[in-house]
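Peer 1: Data: data-v7.pdb, PDB, C-alpha atoms.
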MODEL        1
ATOM      1  CA  MET A  32      19.647 -97.307 -48.963
ATOM      2  CA  PRO A  33      21.178 -96.403 -52.373
ATOM      3  CA  LEU A  34      21.660 -92.725 -53.171
ATOM      4  CA  SER A  35      19.622 -91.046 -55.857
ATOM      5  CA  LEU A  36      22.130 -90.045 -58.557
ATOM      6  CA  THR A  37      21.740 -87.647 -61.459
ATOM      7  CA  PRO A  38      22.654 -88.798 -64.980
ATOM      8  CA  ALA A  39      25.917 -86.823 -64.748
ATOM      9  CA  GLU A  40      26.792 -88.472 -61.438
ATOM     10  CA  ARG A  41      25.912 -91.894 -62.824
ATOM     11  CA  ALA A  42      28.257 -91.254 -65.760
ATOM     12  CA  LEU A  43      31.099 -90.463 -63.351
ATOM     13  CA  LEU A  44      30.369 -93.636 -61.407
ATOM     14  CA  ASP A  45      30.213 -95.786 -64.549
ATOM     15  CA  GLY A  46      33.649 -94.674 -65.750
ATOM     16  CA  THR A  47      32.583 -92.460 -68.633
ATOM     17  CA  HIS A  48      35.135 -89.856 -67.523
ATOM     18  CA  GLY A  49      37.939 -92.275 -66.703
ATOM     19  CA  GLU A  50      39.074 -94.663 -64.008
ATOM     20  CA  ALA A  51      40.134 -92.025 -61.466
ATOM     21  CA  SER A  52      36.765 -90.252 -61.577
ATOM     22  CA  SER A  53      34.993 -93.599 -61.278
ATOM     23  CA  MET A  54      37.125 -94.648 -58.301
ATOM     24  CA  ALA A  55      36.576 -91.297 -56.585
ATOM     25  CA  MET A  56      32.834 -91.422 -57.204
ATOM     26  CA  ARG A  57      32.589 -94.970 -55.833
ATOM     27  CA  ILE A  58      34.175 -93.715 -52.605
ATOM     28  CA  VAL A  59      31.931 -90.636 -52.403
ATOM     29  CA  VAL A  60      28.809 -92.741 -52.993
ATOM     30  CA  ALA A  61      29.859 -95.337 -50.420
ATOM     31  CA  ALA A  62      30.532 -92.588 -47.887
ATOM     32  CA  GLY A  63      27.147 -91.019 -48.610
ATOM     33  CA  GLU A  64      25.356 -94.312 -48.079
ATOM     34  CA  LEU A  65      27.274 -94.902 -44.852
ATOM     35  CA  LEU A  66      26.290 -91.430 -43.630
ATOM     36  CA  GLY A  67      22.646 -91.941 -44.518
ATOM     37  CA  ALA A  68      22.521 -89.269 -47.239
ATOM     38  CA  ASP A  69      19.771 -89.441 -49.848
ATOM     39  CA  GLU A  70      21.711 -87.633 -52.554
ATOM     40  CA  LEU A  71      24.910 -85.782 -53.407
ATOM     41  CA  VAL A  72      25.462 -82.042 -53.620
ATOM     42  CA  ALA A  73      27.636 -80.151 -56.107
ATOM     43  CA  VAL A  74      30.531 -78.388 -54.357
ATOM     44  CA  ALA A  75      32.101 -75.091 -55.399
ATOM     45  CA  SER A  76      35.594 -75.827 -54.068
ATOM     46  CA  ALA A  77      37.698 -78.209 -52.009
ATOM     47  CA  HIS A  78      40.568 -78.076 -49.531
ATOM     48  CA  ILE A  79      42.539 -81.326 -49.364
ATOM     49  CA  ASP A  80      44.085 -82.450 -46.095
ATOM     50  CA  GLY A  81      45.271 -85.729 -47.646
ATOM     51  CA  CYS A  82      48.541 -84.347 -49.038
ATOM     52  CA  LEU A  83      50.144 -84.682 -45.576
ATOM     53  CA  HIS A  84      52.221 -87.875 -45.459
ATOM     54  CA  HIS A  85      51.277 -90.235 -42.608
ATOM     55  CA  GLY A  86      52.293 -93.430 -44.389
ATOM     56  CA  ASP A  87      53.040 -94.825 -47.801
ATOM     57  CA  GLY A  88      49.415 -95.818 -48.384
ATOM     58  CA  GLY A  89      48.535 -92.161 -48.789
ATOM     59  CA  VAL A  90      51.137 -91.809 -51.533
ATOM     60  CA  GLU A  91      49.849 -94.888 -53.350
ATOM     61  CA  PHE A  92      46.256 -93.627 -53.156
ATOM     62  CA  ALA A  93      47.129 -90.192 -54.564
ATOM     63  CA  GLU A  94      49.310 -91.589 -57.321
ATOM     64  CA  ARG A  95      46.664 -94.104 -58.351
ATOM     65  CA  LEU A  96      44.162 -91.265 -58.776
ATOM     66  CA  ARG A  97      46.700 -89.235 -60.756
ATOM     67  CA  ASP A  98      47.847 -92.111 -62.923
ATOM     68  CA  GLY A  99      44.220 -92.924 -63.665
ATOM     69  CA  GLY A 100      43.780 -89.485 -65.200
ATOM     70  CA  GLY A 101      42.396 -87.764 -62.116
ATOM     71  CA  GLN A 102      41.959 -83.977 -62.222
ATOM     72  CA  VAL A 103      40.195 -81.790 -59.705
ATOM     73  CA  ALA A 104      36.803 -80.629 -60.959
ATOM     74  CA  VAL A 105      36.603 -77.529 -58.739
ATOM     75  CA  PRO A 106      39.115 -74.950 -57.410
ATOM     76  CA  THR A 107      41.165 -76.865 -54.852
ATOM     77  CA  THR A 108      43.792 -75.846 -52.296
ATOM     78  CA  LEU A 109      46.198 -78.075 -50.382
ATOM     79  CA  ASN A 110      46.833 -78.375 -46.665
ATOM     80  CA  VAL A 111      50.362 -78.508 -45.286
ATOM     81  CA  GLY A 112      52.587 -81.320 -46.467
ATOM     82  CA  ALA A 113      55.193 -83.186 -44.450
ATOM     83  CA  LEU A 114      57.979 -81.106 -46.041
ATOM     84  CA  ASP A 115      58.796 -77.413 -46.152
ATOM     85  CA  LEU A 116      59.706 -77.269 -49.825
ATOM     86  CA  ILE A 117      61.133 -73.766 -49.479
ATOM     87  CA  HIS A 118      63.379 -74.738 -46.543
ATOM     88  CA  PRO A 119      63.824 -78.534 -46.984
ATOM     89  CA  GLY A 120      66.847 -78.637 -44.696
ATOM     90  CA  VAL A 121      64.766 -77.937 -41.594
ATOM     91  CA  VAL A 122      62.941 -81.289 -41.894
ATOM     92  CA  ARG A 123      64.779 -84.078 -40.118
ATOM     93  CA  ALA A 124      63.547 -87.230 -41.838
ATOM     94  CA  ASP A 125      65.209 -90.125 -43.590
ATOM     95  CA  ALA A 126      65.503 -90.256 -47.371
ATOM     96  CA  HIS A 127      62.536 -92.612 -47.823
ATOM     97  CA  LYS A 128      60.116 -90.477 -45.813
ATOM     98  CA  THR A 129      61.326 -87.327 -47.505
ATOM     99  CA  ASP A 130      60.853 -88.844 -50.957
ATOM    100  CA  MET A 131      57.411 -90.232 -50.184
ATOM    101  CA  ALA A 132      56.227 -86.965 -48.639
ATOM    102  CA  ARG A 133      57.378 -85.050 -51.726
ATOM    103  CA  ARG A 134      55.672 -87.550 -54.055
ATOM    104  CA  GLN A 135      52.391 -87.262 -52.153
ATOM    105  CA  MET A 136      52.424 -83.474 -52.362
ATOM    106  CA  GLN A 137      53.350 -83.538 -56.049
ATOM    107  CA  ALA A 138      50.594 -86.000 -56.966
ATOM    108  CA  TYR A 139      47.896 -83.555 -55.863
ATOM    109  CA  VAL A 140      49.594 -80.679 -57.682
ATOM    110  CA  ASP A 141      49.686 -82.870 -60.807
ATOM    111  CA  MET A 142      45.909 -83.284 -60.451
ATOM    112  CA  GLY A 143      45.402 -79.529 -60.624
ATOM    113  CA  ALA A 144      45.303 -78.512 -56.960
ATOM    114  CA  ARG A 145      46.914 -75.195 -56.037
ATOM    115  CA  PRO A 146      50.232 -75.749 -54.186
ATOM    116  CA  THR A 147      49.147 -73.559 -51.265
ATOM    117  CA  PHE A 148      50.331 -76.017 -48.589
ATOM    118  CA  THR A 149      48.540 -74.200 -45.787
ATOM    119  CA  CYS A 150      46.082 -75.108 -43.054
ATOM    120  CA  ALA A 151      44.491 -71.649 -43.475
ATOM    121  CA  PRO A 152      43.444 -71.422 -47.150
ATOM    122  CA  TYR A 153      41.045 -68.610 -46.277
ATOM    123  CA  GLN A 154      44.144 -66.416 -45.740
ATOM    124  CA  VAL A 155      45.493 -66.947 -49.271
ATOM    125  CA  GLY A 156      42.433 -66.098 -51.333
ATOM    126  CA  HIS A 157      40.305 -69.229 -50.980
ATOM    127  CA  GLU A 158      37.106 -67.767 -49.561
ATOM    128  CA  PRO A 159      33.818 -69.419 -50.567
ATOM    129  CA  GLY A 160      30.707 -67.277 -50.384
ATOM    130  CA  ARG A 161      27.983 -67.598 -47.782
ATOM    131  CA  GLY A 162      25.774 -70.595 -48.433
ATOM    132  CA  GLN A 163      28.115 -72.201 -50.964
ATOM    133  CA  HIS A 164      28.618 -75.951 -50.560
ATOM    134  CA  VAL A 165      32.287 -76.959 -50.372
ATOM    135  CA  ALA A 166      34.296 -80.044 -49.397
ATOM    136  CA  TRP A 167      37.014 -79.037 -46.976
ATOM    137  CA  GLY A 168      39.372 -81.075 -44.844
ATOM    138  CA  GLU A 169      41.532 -79.848 -41.890
ATOM    139  CA  SER A 170      39.792 -79.142 -38.622
ATOM    140  CA  ASN A 171      40.459 -75.416 -38.186
ATOM    141  CA  ALA A 172      39.657 -74.717 -41.840
ATOM    142  CA  ILE A 173      36.346 -76.575 -41.516
ATOM    143  CA  ALA A 174      35.380 -74.540 -38.448
ATOM    144  CA  PHE A 175      36.395 -71.272 -40.133
ATOM    145  CA  VAL A 176      34.679 -71.821 -43.477
ATOM    146  CA  ASN A 177      31.436 -72.865 -41.773
ATOM    147  CA  SER A 178      31.421 -70.329 -38.971
ATOM    148  CA  VAL A 179      33.181 -67.179 -40.160
ATOM    149  CA  LEU A 180      32.513 -67.353 -43.911
ATOM    150  CA  GLY A 181      29.111 -69.039 -43.719
ATOM    151  CA  ALA A 182      29.878 -71.574 -46.451
ATOM    152  CA  ARG A 183      28.878 -75.206 -45.883
ATOM    153  CA  THR A 184      31.055 -78.259 -45.435
ATOM    154  CA  ALA A 185      30.921 -81.423 -43.397
ATOM    155  CA  ARG A 186      34.084 -82.678 -41.696
ATOM    156  CA  TYR A 187      35.893 -84.328 -44.619
ATOM    157  CA  GLY A 188      39.015 -86.278 -43.780
ATOM    158  CA  ASP A 189      41.729 -88.028 -45.751
ATOM    159  CA  PHE A 190      41.032 -89.107 -48.514
ATOM    160  CA  LEU A 191      37.379 -88.396 -49.008
ATOM    161  CA  ASP A 192      38.254 -84.725 -49.483
ATOM    162  CA  ALA A 193      40.306 -85.597 -52.584
ATOM    163  CA  CYS A 194      37.486 -87.713 -54.001
ATOM    164  CA  CYS A 195      35.066 -84.815 -53.559
ATOM    165  CA  ALA A 196      37.527 -82.520 -55.345
ATOM    166  CA  ILE A 197      37.800 -84.875 -58.336
ATOM    167  CA  THR A 198      34.066 -85.545 -58.658
ATOM    168  CA  GLY A 199      32.860 -82.079 -57.644
ATOM    169  CA  ARG A 200      30.322 -83.805 -55.404
ATOM    170  CA  ALA A 201      29.864 -84.503 -51.683
ATOM    171  CA  PRO A 202      27.246 -86.361 -49.639
ATOM    172  CA  LEU A 203      24.333 -84.060 -48.761
ATOM    173  CA  HIS A 204      24.290 -84.488 -44.995
ATOM    174  CA  GLY A 205      25.291 -82.857 -41.726
ATOM    175  CA  LEU A 206      26.417 -79.236 -41.894
ATOM    176  CA  HIS A 207      25.434 -78.967 -45.562
ATOM    177  CA  MET A 208      21.805 -78.847 -44.400
ATOM    178  CA  ASP A 209      19.891 -76.002 -42.730
ATOM    179  CA  ARG A 210      18.503 -78.079 -39.893
ATOM    180  CA  HIS A 211      21.968 -79.199 -38.776
ATOM    181  CA  ARG A 212      23.370 -75.652 -38.611
ATOM    182  CA  ARG A 213      21.109 -74.291 -35.871
ATOM    183  CA  ALA A 214      22.573 -73.661 -32.444
ATOM    184  CA  ALA A 215      21.618 -76.248 -29.824
ATOM    185  CA  VAL A 216      23.209 -74.399 -26.905
ATOM    186  CA  ILE A 217      23.762 -70.734 -25.978
ATOM    187  CA  ILE A 218      27.116 -69.777 -24.456
ATOM    188  CA  ASP A 219      26.767 -66.595 -22.389
ATOM    189  CA  VAL A 220      30.113 -64.792 -21.951
ATOM    190  CA  THR A 221      28.710 -61.467 -20.750
ATOM    191  CA  ASP A 222      30.282 -61.930 -17.312
ATOM    192  CA  VAL A 223      33.798 -62.179 -18.762
ATOM    193  CA  PRO A 224      35.548 -58.813 -18.209
ATOM    194  CA  ALA A 225      35.551 -56.679 -21.368
ATOM    195  CA  PRO A 226      39.331 -56.036 -21.323
ATOM    196  CA  LEU A 227      39.956 -59.803 -21.408
ATOM    197  CA  LYS A 228      37.678 -60.239 -24.431
ATOM    198  CA  GLU A 229      39.801 -57.682 -26.291
ATOM    199  CA  ARG A 230      42.954 -59.789 -25.847
ATOM    200  CA  ASP A 231      44.096 -62.413 -28.354
ATOM    201  CA  VAL A 232      45.003 -64.850 -25.576
ATOM    202  CA  PHE A 233      41.353 -65.164 -24.554
ATOM    203  CA  TYR A 234      40.193 -66.838 -27.768
ATOM    204  CA  PRO A 235      42.184 -70.096 -27.804
ATOM    205  CA  VAL A 236      41.286 -70.554 -24.132
ATOM    206  CA  LEU A 237      37.611 -69.954 -24.925
ATOM    207  CA  GLY A 238      37.846 -72.428 -27.816
ATOM    208  CA  THR A 239      39.499 -75.053 -25.619
ATOM    209  CA  TRP A 240      36.701 -74.706 -23.074
ATOM    210  CA  LEU A 241      34.027 -74.695 -25.806
ATOM    211  CA  GLY A 242      35.178 -77.900 -27.498
ATOM    212  CA  ALA A 243      35.562 -79.731 -24.191
ATOM    213  CA  THR A 244      32.123 -78.548 -23.076
ATOM    214  CA  VAL A 245      29.923 -78.946 -26.170
ATOM    215  CA  GLY A 246      31.768 -81.672 -28.124
ATOM    216  CA  THR A 247      30.086 -81.785 -31.532
ATOM    217  CA  GLU A 248      27.107 -79.555 -30.666
ATOM    218  CA  ILE A 249      26.490 -76.291 -32.503
ATOM    219  CA  SER A 250      26.659 -73.317 -30.155
ATOM    220  CA  VAL A 251      25.975 -69.589 -30.360
ATOM    221  CA  ILE A 252      28.255 -67.411 -28.248
ATOM    222  CA  ASP A 253      26.562 -64.336 -26.833
ATOM    223  CA  GLY A 254      28.489 -61.395 -25.428
ATOM    224  CA  LEU A 255      31.644 -61.152 -27.557
ATOM    225  CA  PRO A 256      32.503 -57.649 -28.819
ATOM    226  CA  PRO A 257      31.586 -56.748 -32.409
ATOM    227  CA  THR A 258      35.262 -55.841 -32.889
ATOM    228  CA  VAL A 259      36.385 -59.480 -32.636
ATOM    229  CA  THR A 260      38.931 -60.127 -35.407
ATOM    230  CA  ARG A 261      39.221 -62.925 -37.954
ATOM    231  CA  ASP A 262      42.437 -64.087 -36.292
ATOM    232  CA  GLN A 263      40.687 -64.287 -32.930
ATOM    233  CA  LEU A 264      37.853 -66.305 -34.480
ATOM    234  CA  LYS A 265      40.455 -68.483 -36.204
ATOM    235  CA  ALA A 266      42.043 -69.252 -32.828
ATOM    236  CA  LEU A 267      38.665 -69.928 -31.234
ATOM    237  CA  GLY A 268      37.620 -72.381 -33.944
ATOM    238  CA  ALA A 269      40.965 -74.168 -34.084
ATOM    239  CA  ALA A 270      40.997 -74.782 -30.337
ATOM    240  CA  ALA A 271      37.344 -75.870 -30.293
ATOM    241  CA  ALA A 272      37.997 -78.335 -33.110
ATOM    242  CA  SER A 273      40.999 -79.755 -31.239
ATOM    243  CA  SER A 274      39.508 -80.075 -27.761
ATOM    244  CA  GLY A 275      36.149 -81.267 -29.084
ATOM    245  CA  ALA A 276      34.968 -81.832 -32.649
ATOM    246  CA  VAL A 277      33.412 -78.451 -33.371
ATOM    247  CA  GLY A 278      32.783 -77.902 -37.072
ATOM    248  CA  LEU A 279      30.544 -74.846 -36.677
ATOM    249  CA  PHE A 280      29.989 -72.185 -34.039
ATOM    250  CA  HIS A 281      28.064 -68.916 -34.172
ATOM    251  CA  VAL A 282      28.902 -65.586 -32.544
ATOM    252  CA  ALA A 283      25.858 -63.368 -32.051
ATOM    253  CA  GLY A 284      26.174 -60.105 -33.942
ATOM    254  CA  VAL A 285      29.423 -61.190 -35.633
ATOM    255  CA  THR A 286      29.204 -64.347 -37.768
ATOM    256  CA  PRO A 287      26.950 -64.364 -40.858
ATOM    257  CA  GLU A 288      24.313 -66.837 -39.674
ATOM    258  CA  ALA A 289      23.899 -65.236 -36.236
ATOM    259  CA  PRO A 290      22.717 -61.623 -36.478
ATOM    260  CA  THR A 291      20.977 -62.424 -33.189
ATOM    261  CA  VAL A 292      20.880 -65.327 -30.772
ATOM    262  CA  ALA A 293      17.311 -66.102 -31.814
ATOM    263  CA  GLU A 294      18.244 -66.353 -35.492
ATOM    264  CA  ALA A 295      21.153 -68.675 -34.707
ATOM    265  CA  VAL A 296      18.881 -70.918 -32.664
ATOM    266  CA  GLY A 297      16.121 -70.850 -35.270
ATOM    267  CA  ASP A 298      13.492 -70.651 -32.539
ATOM    268  CA  ALA A 299      12.874 -68.814 -29.292
ATOM    269  CA  PRO A 300      16.136 -68.646 -27.281
ATOM    270  CA  GLY A 301      14.330 -70.185 -24.303
ATOM    271  CA  SER A 302      13.985 -73.448 -26.221
ATOM    272  CA  VAL A 303      17.689 -74.331 -25.872
ATOM    273  CA  PRO A 304      19.916 -74.492 -22.782
ATOM    274  CA  THR A 305      22.234 -71.665 -21.785
ATOM    275  CA  ILE A 306      25.691 -72.153 -20.280
ATOM    276  CA  ARG A 307      27.211 -69.154 -18.501
ATOM    277  CA  LEU A 308      31.000 -69.027 -18.794
ATOM    278  CA  THR A 309      32.756 -68.476 -15.462
ATOM    279  CA  ALA A 310      36.273 -67.447 -14.501
ATOM    280  CA  ASP A 311      36.807 -70.844 -12.833
ATOM    281  CA  ALA A 312      35.904 -72.686 -16.043
ATOM    282  CA  LEU A 313      38.296 -70.513 -18.038
ATOM    283  CA  ARG A 314      41.070 -71.211 -15.550
ATOM    284  CA  VAL A 315      40.588 -74.977 -15.920
ATOM    285  CA  ALA A 316      40.697 -74.630 -19.714
ATOM    286  CA  LEU A 317      43.872 -72.543 -19.504
ATOM    287  CA  ASP A 318      45.535 -75.131 -17.270
ATOM    288  CA  ARG A 319      44.769 -77.836 -19.862
ATOM    289  CA  LEU A 320      46.878 -75.978 -22.419
ATOM    290  CA  SER A 321      50.164 -76.304 -20.549
ATOM    291  CA  THR A 322      52.235 -79.324 -19.523
ATOM    292  CA  THR A 323      55.219 -77.251 -18.357
ATOM    293  CA  THR A 324      54.372 -76.962 -14.670
ATOM    294  CA  GLY A 325      57.636 -76.883 -12.761
ATOM    295  CA  THR A 326      59.768 -76.521 -15.891
ATOM    296  CA  PRO A 327      62.179 -73.609 -15.409
ATOM    297  CA  SER A 328      62.700 -72.845 -19.105
ATOM    298  CA  VAL A 329      61.767 -73.837 -22.632
ATOM    299  CA  ASP A 330      64.115 -74.851 -25.439
ATOM    300  CA  ALA A 331      62.232 -73.365 -28.401
ATOM    301  CA  LEU A 332      59.041 -71.527 -29.301
ATOM    302  CA  ALA A 333      56.745 -72.098 -32.274
ATOM    303  CA  VAL A 334      53.723 -70.057 -33.319
ATOM    304  CA  GLY A 335      51.457 -70.271 -36.325
ATOM    305  CA  SER A 336      49.136 -73.223 -35.878
ATOM    306  CA  PRO A 337      46.882 -72.376 -37.678
ATOM    307  CA  HIS A 338      49.256 -70.562 -39.987
ATOM    308  CA  PHE A 339      50.177 -66.964 -39.165
ATOM    309  CA  SER A 340      48.351 -64.237 -41.071
ATOM    310  CA  VAL A 341      49.849 -60.988 -42.358
ATOM    311  CA  ALA A 342      48.196 -59.153 -39.449
ATOM    312  CA  GLU A 343      49.803 -61.534 -36.960
ATOM    313  CA  PHE A 344      53.219 -60.995 -38.552
ATOM    314  CA  GLU A 345      52.728 -57.235 -38.257
ATOM    315  CA  ALA A 346      51.981 -57.644 -34.548
ATOM    316  CA  LEU A 347      54.981 -59.956 -34.133
ATOM    317  CA  ALA A 348      57.240 -57.435 -35.850
ATOM    318  CA  ARG A 349      56.112 -54.731 -33.438
ATOM    319  CA  LEU A 350      56.633 -56.953 -30.403
ATOM    320  CA  THR A 351      60.110 -58.069 -31.438
ATOM    321  CA  ALA A 352      61.438 -54.815 -32.886
ATOM    322  CA  GLY A 353      65.016 -54.207 -31.719
ATOM    323  CA  ARG A 354      65.221 -57.504 -29.838
ATOM    324  CA  ARG A 355      67.192 -60.719 -30.364
ATOM    325  CA  MET A 356      65.871 -64.207 -29.609
ATOM    326  CA  ARG A 357      67.752 -66.242 -26.997
ATOM    327  CA  ILE A 358      66.123 -69.517 -28.100
ATOM    328  CA  PRO A 359      64.991 -70.780 -31.530
ATOM    329  CA  PHE A 360      61.749 -69.093 -32.572
ATOM    330  CA  TYR A 361      59.617 -70.477 -35.419
ATOM    331  CA  ALA A 362      56.672 -68.750 -37.078
ATOM    332  CA  CYS A 363      54.798 -71.123 -39.400
ATOM    333  CA  THR A 364      52.899 -69.714 -42.350
ATOM    334  CA  ALA A 365      51.839 -70.239 -45.956
ATOM    335  CA  ARG A 366      54.205 -69.556 -48.830
ATOM    336  CA  ASP A 367      51.737 -66.967 -50.202
ATOM    337  CA  THR A 368      51.677 -65.157 -46.855
ATOM    338  CA  LEU A 369      55.470 -65.300 -46.697
ATOM    339  CA  ARG A 370      55.673 -63.554 -50.075
TER
ENDMDL
END
Show me this structure written as structure tokens.
Peer 2:
Amino acid sequence: MPLSLTPAERALLDGTHGEASSMAMRIVVAAGELLGADELVAVASAHIDGCLHHGDGGVEFAERLRDGGGQVAVPTTLNVGALDLIHPGVVRADAHKTDMARRQMQAYVDMGARPTFTCAPYQVGHEPGRGQHVAWGESNAIAFVNSVLGARTARYGDFLDACCAITGRAPLHGLHMDRHRRAAVIIDVTDVPAPLKERDVFYPVLGTWLGATVGTEISVIDGLPPTVTRDQLKALGAAAASSGAVGLFHVAGVTPEAPTVAEAVGDAPGSVPTIRLTADALRVALDRLSTTTGTPSVDALAVGSPHFSVAEFEALARLTAGRRMRIPFYACTARDTLR
């Protein structure tokens, strides 16, 4: 069924504002019809995952938008690229891949996107307000902006995210809508020992278990301490998005749409199932995270996926003070955080 378009949206589609805007709007409209949306929604910002080079087609797509006069219509940040432009020598790729990756990144900068090149734009000043509609790509960023900030985005992938940025519109469906943001399952973690819930290591394990258990369902987690940090929630959401396809979770008493379990559910808590997290389930989730059983040593260590925050660097500095690394150690972060 065709979408209902406003006169301004129809003008974008008809090419009044140039070929790039028309091409982007055709893709947004087609996606909306495929998703069963009735209309589009204006977005306040975008985060583009499509600047990461996976093949030359992505370069050609971005450059066609740019060469057609494309410019982002809303504040837009960029996910990581395939190159570290500050330390280009660390990337071991042939000349063609290096050139194409650089061209893809540059095309989006030419269209007005901020050269943030981070998977955690919420750590470098891109923080939409609660209830704002946005068009974000990148799985951990989607989970964070929906869950922790309370803004609204569906799961936008390459290259629909770029088209939303250029048109300033997205299909009105899924997590943009109230009825799709209510928790369908309660996760009870009250039996987990309190000292464990204070530790950073708990949260990626919890997220791994959550994604594998609920898949795409919206959950509300009951029993986490009110002192849970943004970095811990970041780790939870990133793991849940990787092991399942979680785009939104609630934490009772912590995240903005879940002052209580009942408010997250949108009805009496007894109307949805409850899953009680056990030590055995956590152990299985932890075991899934390692493939090094029987390996006596590791050759290198990398942290910062999602990108390290300033707070995480402060903790790392304390932990490593006065010590020297015996193996290569990489901490990945955004250029703004590095500064």
Peer 1: One decimal, Å: what's the distance from atom CA of Leu43 of chain A over to atom CA of Gly112 of chain A, could you say?
Peer 2: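 Between these atoms lies a distance of 28.8 Å.
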Peer 1: Nearest residue to Cys363 of chain A out of A:Glu70, A:Glu94, A:Asp318, A:Asp115, using all atoms listed in the file?
Peer 2: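 Ranking A:Glu70, A:Glu94, A:Asp318, A:Asp115 by distance to Cys363 of chain A, first place goes to A:Asp115.
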Peer 1: Name all residues at most 12 Å from Gly88 of chain A (count all atoms listed in the file; drop same-chain ones fewer than 5 positions away) and give them as an NGL selection string.
Peer 2: :A and (81-83 or 93-95 or 131-132 or 134-135 or 189-190)
Peer 1: Limited to C-alpha atoms, could you put the picked residues into a file as an mmCIF file, in the coordinates of the input?
Peer 2:
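selection.cif, written as the output of this step:
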data_model
loop_
_atom_site.group_PDB
_atom_site.id
_atom_site.type_symbol
_atom_site.label_atom_id
_atom_site.label_comp_id
_atom_site.auth_asym_id
_atom_site.auth_seq_id
_atom_site.Cartn_x
_atom_site.Cartn_y
_atom_site.Cartn_z
ATOM 1 C CA GLY A 81 45.271 -85.729 -47.646
ATOM 2 C CA CYS A 82 48.541 -84.347 -49.038
ATOM 3 C CA LEU A 83 50.144 -84.682 -45.576
ATOM 4 C CA ALA A 93 47.129 -90.192 -54.564
ATOM 5 C CA GLU A 94 49.310 -91.589 -57.321
ATOM 6 C CA ARG A 95 46.664 -94.104 -58.351
ATOM 7 C CA MET A 131 57.411 -90.232 -50.184
ATOM 8 C CA ALA A 132 56.227 -86.965 -48.639
ATOM 9 C CA ARG A 134 55.672 -87.550 -54.055
ATOM 10 C CA GLN A 135 52.391 -87.262 -52.153
ATOM 11 C CA ASP A 189 41.729 -88.028 -45.751
ATOM 12 C CA PHE A 190 41.032 -89.107 -48.514
#
Peer 1: Using all atoms listed in the file, can you tell me which of A:Ala185, A:Val155, A:Met142, A:Val179 comes closest to Val72 of chain A?
Peer 2: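 Closest to Val72 of chain A of all the choices is A:Ala185.
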Peer 1: Run the PyMOL selection byres ((chain A and resi 61) around 12) against the file shown and list the residues it catches, as a ChimeraX atom specification.
Peer 2: /A:32-34,44,54-60,62-71,191,194,201-202
Peer 1: Could you expand the PyMOL selection byres ((chain A and resi 337-347) around 7) into the explicit residues it covers here, written as a tab-separated table (two decimals) with C-alpha atoms, in the coordinates of the input?
Peer 2:
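Below is the file that was written, out_39.tsv:
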chain	number	residue	atom	x	y	z
A	149	THR	CA	48.54	-74.20	-45.79
A	150	CYS	CA	46.08	-75.11	-43.05
A	151	ALA	CA	44.49	-71.65	-43.48
A	154	GLN	CA	44.14	-66.42	-45.74
A	335	GLY	CA	51.46	-70.27	-36.33
A	336	SER	CA	49.14	-73.22	-35.88
A	348	ALA	CA	57.24	-57.44	-35.85
A	349	ARG	CA	56.11	-54.73	-33.44
A	350	LEU	CA	56.63	-56.95	-30.40
A	351	THR	CA	60.11	-58.07	-31.44
A	363	CYS	CA	54.80	-71.12	-39.40
A	364	THR	CA	52.90	-69.71	-42.35
A	365	ALA	CA	51.84	-70.24	-45.96
A	368	THR	CA	51.68	-65.16	-46.86
Peer 1: Take the PyMOL selection byres ((chain A and resi 75) around 7), apply it to the structure above, and return the hits as a list in words.
Peer 2: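 Evaluating the PyMOL selection byres ((chain A and resi 75) around 7) on these coordinates yields Ala73, Val74, Ser76, Val105, Gln163, His164 and Val165 of chain A.
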Peer 1: Could you check how far atom CA of Val251 of chain A sits from atom CA of Ala289 of chain A, in Å to one decimal?
Peer 2: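 That distance, rounded to one decimal, is 7.6 Å.
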Peer 1: Between A:Gly156, A:Arg357, A:Ala316, A:Val223, which residue has the minimum interatomic distance to Pro235 of chain A, considering all atoms listed in the file?
Peer 2: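 Of all the options, A:Ala316 lies closest to Pro235 of chain A.
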Peer 1: Quick check, in Å to one decimal: how far apart do atom CA of Ser52 of chain A and atom CA of Asp209 of chain A lie?
Peer 2: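 Going from atom CA of Ser52 of chain A over to atom CA of Asp209 of chain A, I get 29.0 Å.
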Peer 1: Using all atoms listed in the file, which residues sit within 8 Å of segment 274-283 of chain A once same-chain residues fewer than 3 positions away are excluded, as a PyMOL selection string?
Peer 2: chain A and resi 170+173-175+177-178+185-186+206+212+214+238-255+268+270-271+286+288-292+295
Peer 1: Under the rule that all atoms listed in the file are counted, which of A:Ala362, A:Val303, A:Ile117, A:Cys195 is the nearest residue to Ala331 of chain A?
Peer 2: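 Checking each candidate against Ala331 of chain A, we get A:Ala362 as the closest.
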Peer 1: Counting all atoms listed in the file, figure out which residue out of A:Pro224, A:Pro119, A:Gly143, A:Gly101 gets nearest to Leu308 of chain A.
Peer 2: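 Looking only at the distances to Leu308 of chain A, the closest residue turns out to be A:Pro224.
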Peer 1: Given the choices A:Ile217, A:Leu114, A:Ile197, A:Ala293, which gets closest to Leu96 of chain A if the distance is worked out from only C-alpha atoms?
Peer 2: A:Ile197
Peer 1: Given the point (33.9, -55.6, -33.9) in the coordinates of this file, which residues lie within 12 Å, counting all atoms listed in the file, and how would they look as a list in words?
Peer 2: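 Collected hits near the coordinates: Lys228, Glu229, Gly254, Leu255, Pro256, Pro257, Thr258, Val259, Thr260, Arg261, Gln263, Leu264, Val282, Ala283, Gly284, Val285 and Thr286 of chain A.
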Peer 1: Find the residues near Val329 of chain A: any atom within 10 Å, counting only C-alpha atoms, skip ones fewer than 3 places away on the same chain, and give them as an NGL selection string.
Peer 2: :A and (323 or 326 or 332 or 358-359)
Peer 1: Kindly provide, as AutoDock Vina command-line options, the centre and edge lengths (Å, one decimal) of an axis-aligned box around all atoms of segment 106-110 of chain A given in the file, with 6 Å on each side.
Peer 2:
--center_x 43.0 --center_y -76.7 --center_z -52.0 --size_x 19.7 --size_y 15.4 --size_z 22.7
